[in-house]
Amino acid sequence: MSIDPKAWQTLTRGVVEIISEDELKAKLAKGKPLNIKLGVDPTAPDIHLGFTVVMRKLRQFQDLGHRVILIVGDYTATVGDPSGRNKTRPILSHEEVLRNAETYKQQFFKIVDPARTTVVYNGDWFSKMTFTEVTKLLAQITVAQMLEREDFKNRYEAGQPISLHEFLYPLMQGYDSVMIEADVELGGTDQKFNVLRGRELQRAIGKEAQVGLFLPILLGTDGREKMSKSLGNTIGIDEPPQAMYHKLYSLPDALVESYFQLLTDIPMEEVRSKLAEVAAGKSNPNGLKDELARNIVTQYHGADAAEKAAEEERRIHSGEALPQDIPVLQVKAGEHWVPALLTQAGIVKSNGEGRRMIENGGVSFDGEKLADAKVNVQVTGEHILRAGKRGFVKVLAKS
RNA sequence: GGGUCGAUGCCCGAGUGGUUAAUGGGGGCGGACUGUAAAUCCGCUGGCUUAGCCUACGGUGGUUCGAACCCACCUCGGCCCA
């Protein structure tokens, strides 16, 4: 059986590396549903667009008739994946992991089809392993091989601690592949080392090795580092449409192409020709970013929400007009110290920060810029307090 | 177990008895500019209605008029030796 070229194009869209391509073709050519593996450690409950790159790929496999096996790493999460890390991850309790796993699944199935997915917990096998079996597993790899790994090497050379249990992680992930008989394992490029361990372990027991399919690491909104919660450069899939739209719309220019490629199904020829127009100075990148933002917001919130978010964005940036749905802060009529109002509204974390913001000229009350942090304002009816670009609050006098 | 070095604000990193809430960089935030951005420039970046007070330099005690800085013990980490 030959492989449909269109299907192949879909499956390889955005893919950085396949180990190996021939093996994948051979597996696909069997014409049988393949086991597509994704392992997750629900260390943080919120899924952001960075994770969706891989999830979208899973979905594409599903749409071609394959089945997804989601491994919830309830055991591995207690070890902590050292991939790309420069320090030891904090170890989570088992209960925390299970709790996170629930919210995780909920979000996961916004993209992946639950009907074609099997969810398993790797604690099912790891909790039953004997020490002898663990030792055997450890015998599969040498210290030198471990230290060859980029992130371990860096940490080791930088004099950063590496706990021994972190060496266990790649082997555990590989063992997962053995247990579920994975045909293909998906992951970011940072997963290469771990995925390759799966191939070795499968071969070691005489089974067909899984194929590793690697996707790029999505950069975060700062345009510099990978999207990650700890760097605060994420776009969460549960974020309100407005926030999502805004972040995508103000994306650094350099990221636009990769976001289209990894997060949408829009044909790349189309995207590239538009990018060429922008590069030639024939059009403004706003249009493209608007299209990107609408497309992605639509995926998670629907077309209406996307339309509204786009309008809202325009309203705010066109100048005078205010956004709809400004949070309301009710206070007693009379004199109020602005920094305290800002703190109460949750726009700033402390009165001191609010004071500074005023001194920096970032705060206005009813459209009038405040110059002095000491002066109070009179609240008589309804007022608009604005701090910074996006901090709006409607101050309402309590009657 | 022995030796040795180290732990400073969101991060990195200066400071080694007295205007030190603590140089500098990164990041973040605000302002100008702009295409929403980027780049650039300016300002801010512990808390408190602030000429002042409080909290802070791994922890606990101590020395001293006075400590991030000196001493003791403890905790954690790197390296070398076993």
# chains A, B, ... in the order shown; residues from 1 in each chain; ligands from 1
call {"tool": "interface_residues", "arguments": {"of": "chain A", "to": "chain B", "cutoff": "10 Å", "atoms": "only C-alpha atoms (C1' of nucleotides)", "output": "MDAnalysis selection string"}}
result
chainID A and resid 156 158:161 231 246:254 284:286 289:290 313:314 317 337 339:340 348 350:353 356:363 373:375 387:389
call {"tool": "select_by_dssp", "arguments": {"residues": "range 108-223 of chain A", "states": "helix (DSSP H, G or I)", "output": "ChimeraX atom specification"}}
result
/A:108,114-116,123-126,131-138,143-148,150-157,165-180,189-204
call {"tool": "residues_around", "arguments": {"residues": "A7 in chain B", "least_positions_apart": "3", "cutoff": "10 Å", "atoms": "only C-alpha atoms (C1' of nucleotides)", "output": "PyMOL selection string"}}
result
chain B and resi 57-58+76-77
call {"tool": "residues_around", "arguments": {"residues": "C70 in chain B", "least_positions_apart": "3", "cutoff": "10 Å", "atoms": "only C-alpha atoms (C1' of nucleotides)", "output": "JSON, numbers by chain"}}
result
{"B": [16, 17, 63, 64, 67]}
call {"tool": "residues_around", "arguments": {"residues": "range 111-121 of chain A", "least_positions_apart": "5", "cutoff": "10 Å", "atoms": "only C-alpha atoms (C1' of nucleotides)", "output": "PyMOL selection string"}}
result
chain A and resi 35-40+52+55-63+65-76+98+101+105-106+126+176+180+299-300
